[in-house]
Structures are given as C-alpha cells and as structure tokens.
Amino acid sequence: MSLSFVKLFIILIGFCCTPVFSEEDDFWDRNYQQCFQSADVVVEGKVTDFKKIGYNGNEKFGYTHYLISIEVFKPIKGFEGEKLQYHVWYEGKEHDINGSSLFCLCANKDGEYGDPEGFGRMSLGKHYQNYLNKRDSGSIKPIDVNGKYYVPYCSA
C-alpha cells in the first residue's frame with residue numbers, strides 16, 4: 001500500500017468515527033446536565049455501607065429496596081455535610097453496591113433522600129471530567145424543560 005493511501009484511510013476512519021464519539025459525549029453531557037439541573041441533591045461521594053430493606057417481586061422479576069450510606073467528598077447542590085443516606089430501588093434480587101460516584105438524588109417532604117428511578121448514580125470518570133470542562137468553558141447550556149431531552153429526576 002502506498003503511504004498516501006494509508007493516510008487517506010486513516011483520515012476516512014477518523015471522519016467516520018468522530019460523529020459516534022460526539023454522540024456519545026452528547027449523551028453523557030445531557031445526563032450530567034440533567035443531574036445538575038434537575039436533582040434536588042448533587043454530591044460526589046463514596047458508598048460506605050448498604051442495607052437491603054426488602055424485595056418486591058417474584059422469582060423472575062422484581063425490585064430490591066436498599067438504604068445506601070455515603071461519605072460525601074464534595075457537596076455540589078442541596079446538601080452540606082459529610083455523610084448522607086438515601087433510598088434506591090434496583091431491578092433484581094441482589095446487588096453489590098460499592099465505589100465512588102456522582103449522586104443525583106431527590107428529597108421528599110420528610111427530609112429523606114432517594115433515587116426513585118435507580119439512575120441517579122453516575123461515573124466520576126472521563127465523561128464527567130469532559131462535562132465539567134465543557135461546563136466551565138460555557139459550552140454546556142441548560143436543558144430546555146419543554147424539550148425532548150428533559151426528564152425531571154424529581155417530581156415536584
């Protein structure tokens with residue numbers, strides 16, 4: 001193969017793959033923005049304990065209710081403190097709940113926190129860092145509450 005053909009091939013591969021990576025970044029940017037914009041409580045933290053409260057379902061399908069305890073590394077929105085507990089319902093019977101995450105939680109009228117849909121725990125990895133960089137540079141805009149991507153985390 002000639003060197004110019006190889007260069008052309010590499011350029012075409014890059015051109016074809018860029019939209020895929022861009023769409024993936026857009027997906028994560030929307031999810032993080034949804035969290036920051038819609039959740040009552042946003043913190044970076046680490047799971048320190050979890051307790052199974054109960055299971056609602058049968059042998060094939062159901063949800064397990066957990067009370068999760070976290071150590072708060074960085075309170076971002078709606079919470080000041082070092083420790084936090086919240087309720088979550090995960091599909092299935094057993095789960096291993098560990099690690100550090102961004103937690104996007106809802107507060108109820110009794111002052112308890114929860115993740116009612118089970119999607120309020122997001123990675124602190126590269127997608128989060130990309131989102132923060134874009135947000136800091138001003139390239140992340142609020143999600144239109146009447147738009148197709150807006151799904152409120154917490155009910156009013």
# chains A, B, ... in the order shown; residues from 1 in each chain; ligands from 1
$ residues_around --residues "Lys51 in chain A" --least-positions-apart "5" --cutoff "10 Å" --atoms "only C-alpha atoms" --output "compact mmCIF listing (two decimals) with C-alpha atoms, in the first residue's frame"
# COMPACT_ATOMS: atom_id res chain seq x y z
CA HIS A 65 -35.02 -1.60 48.05
CA TYR A 66 -31.72 -0.50 49.62
CA LEU A 67 -30.65 2.14 52.10
CA ILE A 68 -27.25 3.39 50.94
CA SER A 69 -24.80 5.29 53.15
CA HIS A 87 -33.09 5.03 49.32
CA ILE A 97 -23.12 -1.57 45.78
$ select_by_dssp --residues "chain A" --states "alpha helix (DSSP H)" --output "count of residues only"
48
$ residues_around --residues "range 112-119 of chain A" --least-positions-apart "4" --cutoff "9 Å" --atoms "only C-alpha atoms" --output "list of chain:residue names"
A:Asp40, A:Val41, A:Leu67, A:Leu84, A:Gln85, A:Tyr86, A:His87, A:Val88, A:Trp89, A:Tyr90, A:Glu91, A:Phe103, A:Cys104, A:Leu105, A:Cys106, A:Ala107, A:Asn108, A:Tyr153, A:Cys154
$ atom_distance --atom1 "CA of Pro152 in chain A" --atom2 "CA of Ala39 in chain A"
7.6 Å
$ residues_around --residues "range 61-64 of chain A" --least-positions-apart "2" --cutoff "6 Å" --atoms "only C-alpha atoms" --output "JSON, numbers by chain"
{"A": [54, 55, 56, 57, 58, 89, 90, 91, 92, 93]}
$ write_last_selection --atoms "N, CA and C atoms" --output "short mmCIF file (atom, residue, chain, number, x, y, z; two decimals), in the first residue's frame"
data_model
loop_
_atom_site.label_atom_id
_atom_site.label_comp_id
_atom_site.auth_asym_id
_atom_site.auth_seq_id
_atom_site.Cartn_x
_atom_site.Cartn_y
_atom_site.Cartn_z
N GLY A 54 -35.79 -4.58 51.47
CA GLY A 54 -36.81 -5.53 51.05
C GLY A 54 -36.78 -5.78 49.56
N TYR A 55 -37.57 -6.76 49.15
CA TYR A 55 -37.69 -7.12 47.74
C TYR A 55 -39.16 -7.17 47.38
N ASN A 56 -39.52 -6.57 46.25
CA ASN A 56 -40.90 -6.58 45.78
C ASN A 56 -40.91 -7.23 44.40
N GLY A 57 -41.37 -8.47 44.34
CA GLY A 57 -41.42 -9.15 43.07
C GLY A 57 -41.55 -10.65 43.24
N ASN A 58 -41.27 -11.38 42.16
CA ASN A 58 -41.33 -12.83 42.20
C ASN A 58 -39.95 -13.39 41.85
N TRP A 89 -34.10 1.80 44.55
CA TRP A 89 -34.73 0.56 44.15
C TRP A 89 -34.06 0.09 42.87
N TYR A 90 -33.40 -1.09 42.94
CA TYR A 90 -32.72 -1.66 41.77
C TYR A 90 -33.45 -2.90 41.31
N GLU A 91 -33.49 -3.08 40.00
CA GLU A 91 -34.11 -4.27 39.43
C GLU A 91 -33.27 -5.48 39.80
N GLY A 92 -33.93 -6.57 40.20
CA GLY A 92 -33.24 -7.80 40.56
C GLY A 92 -33.21 -8.00 42.07
N LYS A 93 -32.65 -9.16 42.47
CA LYS A 93 -32.68 -9.54 43.89
C LYS A 93 -31.44 -9.14 44.68
#
